[in-house]
Amino acid sequence: MNKQISDMSREKIFSAIQAAKPTITADAKTIEDEALELLKESEFARPQLMSADATEALMLRIDAGLVIGTTCEKISTLDMLPHSVKQFFNKNALPSELKVQSVEPLNKLNWQGITTDIDIVNDNTVGLCWAEYGVAETGSFVAHSGPEMPILLNFLPLYLIAVIPKSKILHYMDDYALIANEMAKKKQTPRNMCLISGVSGTTDIEGVLVKGAHGPEVLHIIIVEDE
Amino acid sequence: MQANKPENFTQNVTDALAQPDLKMIIRRTTDKAEAKRSDAIANFPEFEKARAQGQKVKDHTIKHMEHYLAEFEKNALAQGTIVHWASTAEEASKIVLDICREHKAKKVTRSKSMLGEEIGLTHAFDNSEMERIETDLAEHIIQLAGDPPSHIIWPAMHRSREDVVKLFREFHSDPTYSEEITDLVRSARRDLRTKFLTSDIGISGSNFLLADSGSSCTVTNEGNAELTITPPKVHIVTAGIEKLVPSMAHAIPLLRLLTRSATGADITQYITFHNGPKRKNDADGPEECHIVLVDNGRTKMLAEGMEEMLRCIRCGACMNHCVVYKHIGGHAYGSVYPGPMGSVLTPHLQSLEVANKQTHACTMNGRCEDVCPVNIPLPKLLRSLRAQSWEKKYEPLTNRFVVKFFGVLAKRPQLFQLFSSCSLIFMKAFSRNGWIKYMPFTSGWTRNRDLIEPETTTFMHQYKKMKKSESGGS
């Protein structure tokens, strides 16, 4: 029954559009060219970064307090990560328990002294995510869903650490969009692409900002220079 | 609170103005939003260029809507999404409920979507055997209160902290006894956490639909959209057909404009692109994904020369800067969409016959157009709707008579001057200390405020006198 409604509606919608714009016809190539032309304006219609260097720009933005509830640090090699995580536990007076995303670079680290297989459904936990990309413009990290990337890892814990390889830090959101467009062309788009810029927050009661509305209250970004 | 009807606009306004704290509560949020937007734009010198680009992206997509809809459908199907089409609100709502019933859903979580409100989804669930759980904090508050939304970004802005304290104590399983806003938010977090994880179906709207990938995009500060969508087995997206853009690269300029115009933030915390059901071996995500593409008056807008309104990205800046909205709030409009954008949209989503009075609730100061991130000429569109309302004879008889009478006078200058002179004498008769408190035929004005005493002579008389003295002096 719904299929019938849907098919009839589809026909109605397309007929109505054709009737409304009877003179506008263009082939797919012309439309695509016109669409690409519009993107040329992006270079002049986006904000200036705080530094020409993407990593520095991202860190400056976070240090300036422009990314809600977020701090950041840079480490030179990945094997320093467990030490940084322990410092994060100490700073926030947390037990040494961590839900680590199961990806090869993180699996091979020495997590001695930290319990790494905890249940993220519990509210007061720490999650650690291996980000696909960083974006300097917005101080964001990007997570893609996949077999080793449960999306909920970024949303259920109250504390979240995101690790971004320096080589994956992009200047602008547009740079990430170009990567996404390429993935779309190759039909390799993951189920979810999350651009995360700070912690879960709300201003719904009297316009007052409260962090940790549903997801993380604290976000710490660790940039790895040499992964 | 019972939802107001658009046809009762005059009474709705009277009721709103009679609420002692409403104006103060509205201004607390809108004034803050106005100031934050102003700061955000000041820190973004490229704003005008971004606005021009955003407008062009929307205009391009609307111009080629047929092409992009077909592209979106093809790519969404290729991702494994089941695509549905709905001409009307009723059809859209029925499609969503039927999907839920097919899956024998008991609990349905929903992240804020104005389209969901527009198609009556909230009421449809409330009249069904299923439990509807709103997950955006503001929507959660108004669900507990039984209120309709009063703003498209802050739907609970009409509720004070004291109201929220009472509601949470009454409805939350583990309520806080503190009145601190942080503790109230924690109480909602505790209450909603289990509900997120045990929901059968997650429903979301979409800020943008990407034609080249068949993706939908959610934009939130709370992260509730991802928590609504990921745990259940089924994800349903409801989206208006005007949400299309060619690709993610085209959505980015609009995202820059949306967040700055809505909340004054450079970016919102969570922007997620959803692409069909979970892939084989994915660690989490829904097994089935549906998208319902809704017309509900949008193609009619295209046909009636109102396509500029289809640019709207639902930021709410026009209402935050509207002097009328700031006085009467969102409920008085009797529609899901209040403020200037609502006064243009509602006549198309419902009918001009029921929503023509809203088109007059405008001072034409042009602030809505000034702050619109995609340059929608709202005053022009409102004037066009006023003209249509006149042509269709929806205006009250008194208004029609007065305008016709003015037309007769305006075409006859001598008669006009005679009438003006007589009017001055008539008005002077009712004036006391420079003000008129009552006068026949003006009760619409004098009911709420005094009318200022007119000049002693008419404009034309003064003008001629001035010209004469100028020529005499030269």
# chains A, B, ... in the order shown; residues from 1 in each chain; ligands from 1
$ residues_around --residues "Ile25 in chain B" --least-positions-apart "5" --cutoff "8 Å" --atoms "only C-alpha atoms" --output "short mmCIF file (atom, residue, chain, number, x, y, z; two decimals) with N, CA and C atoms, in the first residue's frame"
data_model
loop_
_atom_site.label_atom_id
_atom_site.label_comp_id
_atom_site.auth_asym_id
_atom_site.auth_seq_id
_atom_site.Cartn_x
_atom_site.Cartn_y
_atom_site.Cartn_z
N GLU A 206 17.13 28.35 29.49
CA GLU A 206 17.46 29.78 29.70
C GLU A 206 18.73 30.22 28.96
N MET B 157 11.97 27.59 24.46
CA MET B 157 12.42 28.88 24.99
C MET B 157 11.35 29.58 25.83
N HIS B 158 10.09 29.17 25.66
CA HIS B 158 9.00 29.78 26.45
C HIS B 158 8.92 29.20 27.85
N ARG B 159 9.72 28.16 28.15
CA ARG B 159 9.70 27.53 29.47
C ARG B 159 10.88 28.01 30.31
N SER B 160 10.59 28.41 31.54
CA SER B 160 11.64 28.91 32.42
C SER B 160 12.29 27.74 33.16
#
$ residues_around --residues "range 190-200 of chain A" --least-positions-apart "5" --cutoff "8 Å" --atoms "only C-alpha atoms" --output "PyMOL selection string"
(chain A and resi 67-70+138-146+151+211-219) or (chain B and resi 221-223+267-279+285)
$ select_by_dssp --residues "range 128-273 of chain B" --states "strand (DSSP E or B)" --output "MDAnalysis selection string"
chainID B and resid 131:134 201:204 208:210 215:220 234:240 244:245 270:273
$ closest_residue --among "A:Val103, A:Ile164, A:Leu98, A:Met173" --to "Met59 in chain A" --atoms "only C-alpha atoms"
A:Ile164
$ residues_around --residues "Ser51 in chain A" --least-positions-apart "6" --cutoff "12 Å" --atoms "only C-alpha atoms" --output "ChimeraX atom specification"
/A:57-61,136-137,171
$ residues_around --residues "Ile118 in chain A" --least-positions-apart "2" --cutoff "8 Å" --atoms "only C-alpha atoms" --output "list of chain:residue names"
A:Glu97, A:Leu98, A:Lys99, A:Thr115, A:Thr116, A:Ile120
